[in-house]
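A.B. asks: Take this structure, written in structure tokens, and hold onto it; I'll ask about it next.
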Amino acid sequence: MLARRMERVSSSPIMDLIKTTAAGNYLSFASGLPDAGLFPVETLQAIADDVLDRDGRAALQYGPAEGFPPLREYVASLLRKRGLPATPEHVLITTGSQQALDLAARALLNDGDRVLVENPTYLAALQAFDSFGARYEPVPLDREGIEVERAGEVLQTGPHLFYTLPNFQNPTGITMSTERRERLAVAAVNARVPVLEDDAYHDLAYDGEPPRPLVSLAENPFGVYTGTFSKVIAPGLRIGYLYAPPALTARLGQLKQITDLHAGSLTQRIVFEFCARGQLEPAIARLRDAYRARRDVLLDALEQHVTGLAEWTRPRGGMFVFVRLPAGRDAGELLRACMEQGIVFVPGASFHPDGSGTHTFRLNFVSLDEPRSRQGIEILGRGLRELAR
Ligand SMILES: Cc1ncc(COP(=O)(O)O)c(C=O)c1O
């Protein structure tokens, strides 16, 4: 017999969609993946060779649960630039930031606990919270992020966690204003609500640096901030991190120990060397240029082919544009029609923990080049016109 927890564990509808469409010749706006064509393969290969030559035995040995000390130190310096007063003791290196979300949820949630979330929000976080028996208090977003009055009211009722993605939110691409960050950071501290701030897309900023992290704006003993090298180096390395007050970081380190002992010794060293050799900043600059251009292409194509048929977000960073059809229209039906014409995207309902959002969908703008992106949006426009008839 499986444990009761497994009743709330299932595979992600997005993963299923990506799997079923991977073999076909689709123009795909569905994935959550960065463009593999931009991975710094040669640089990583040279670094891996050097690491194994110089430090091979340690790189293949078990290591400390909290992470490779030079990488912890490096991440702390990175976080200080973002406005967090980080020392290595604040930092835990994780197996992707997905693990950081899982560890935080595991440490902070009991069965049946309420989590304040943006509606819509990142699906794999909901799946992690689901597995610990969470219930949700979903609050919609507008152009400046989560609706602040409503979120403030929910915070006053003392939920057990506030999960937020203030920068280039997945799936909407929306960025929360500084004013809202300040209000909600303070409200969470006053109501003693732990905050889990997911900043996976921090460096994919196309129109200037993002505002300061929410958890840096009020001292919360249960404020956790997560980040990752997945979007700026490569996700297959599986190196992410979390930042929290040292006492909490130490407790989360104990939890990590029983989960997977530690993140990969070799990949932590590779990431550290990549950064120490000054490769991170140019890599970020290259990605920003490439992805900014792709965002602009997608927005331009939407303007050209979808104006009057739907509304969409205009993200200042990240990987996603979120589209809203007129109420009552069904994005699933649109998807079926579009798949016959060779394009796929992700219907928005699964990002909404309250089951709403059937008239919404998400477009990944980084994975298709300009001609294919324009072609795909032209097809989408045709599908929308048919559906509107
Ligand atoms: C919002 C958000 N958080 C966290 C992650 C997890 O990424 P990783 O585990 O590769 O760091 C993702 C991946 O797509 C994401 O979109």
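Just remember, in the structure tokens the first chain shown is A, the second B, etc., residues are 1-based per chain, and ligands are 1-based in the order shown.
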Neighbours of ligand 1 at 9 Å or closer, counting only C-alpha atoms and all ligand atoms: which residues, as a short mmCIF file (atom, residue, chain, number, x, y, z; two decimals) with C-alpha atoms, in the first residue's frame?
C.D. replies:
data_model
loop_
_atom_site.label_atom_id
_atom_site.label_comp_id
_atom_site.auth_asym_id
_atom_site.auth_seq_id
_atom_site.Cartn_x
_atom_site.Cartn_y
_atom_site.Cartn_z
CA GLY A 32 9.51 25.35 -19.43
CA LEU A 33 13.01 24.76 -20.76
CA PRO A 34 15.76 27.25 -21.56
CA THR A 94 20.52 22.45 -3.16
CA THR A 95 19.84 19.99 -5.94
CA GLY A 96 18.13 22.58 -8.12
CA SER A 97 15.94 25.22 -6.54
CA GLN A 98 13.07 22.74 -6.81
CA GLN A 99 14.68 20.92 -3.90
CA ALA A 100 14.88 24.18 -1.97
CA LEU A 101 11.11 24.61 -2.39
CA THR A 121 1.50 30.16 -9.72
CA TYR A 122 4.37 27.75 -10.43
CA LEU A 123 2.89 24.30 -10.85
CA ALA A 124 5.79 22.24 -9.48
CA ALA A 125 5.71 24.23 -6.24
CA LEU A 165 7.50 34.76 -7.19
CA PHE A 168 9.06 37.55 -13.87
CA GLN A 169 6.57 35.16 -12.35
CA ASN A 170 6.01 31.72 -13.81
CA PRO A 171 3.53 31.50 -15.54
CA ASP A 198 11.16 31.92 -5.44
CA ASP A 199 13.54 33.97 -7.59
CA ALA A 200 14.42 31.40 -10.26
CA TYR A 201 14.39 33.97 -13.09
CA THR A 226 15.50 30.44 -3.43
CA GLY A 227 17.55 30.79 -6.60
CA THR A 228 19.21 28.65 -9.22
CA PHE A 229 21.97 28.31 -11.79
CA SER A 230 19.56 26.38 -14.03
CA LYS A 231 18.42 29.36 -16.05
CA ALA A 234 22.33 24.82 -17.41
CA PRO A 235 19.52 23.00 -15.58
CA GLY A 236 21.07 19.56 -16.02
CA LEU A 237 23.79 20.49 -13.52
CA ARG A 238 21.01 20.62 -10.90
CA ILE A 239 22.59 23.32 -8.74
CA GLY A 240 20.34 25.74 -6.89
CA TYR A 241 20.45 27.39 -3.50
CA GLY A 318 11.87 35.45 -17.49
CA MET A 319 10.62 33.06 -20.12
#
A.B. asks: Could you tell me, as a count of residues only, which residues of region 38-242 of chain A DSSP assigns to helix (DSSP H, G or I) when given the backbone?
C.D. replies: 86
A.B. asks: So which one's closest to Gly158 (chain A), A:Gly145, A:Gly348, A:Pro140, A:Pro194? Using only C-alpha atoms, please.
C.D. replies: A:Pro194
A.B. asks: For a test of reading the model, state the distance in Å between CA of Ala327 (chain A) and CA of His359 (chain A), rounded to one decimal.
C.D. replies: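 Between these atoms lies a distance of 6.1 Å.
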A.B. asks: Using only C-alpha atoms, can you tell me which of A:Gly355, A:Leu384, A:Gly308, A:Leu204 comes closest to Glu281 (chain A)?
C.D. replies: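 Closest candidate: A:Leu204.
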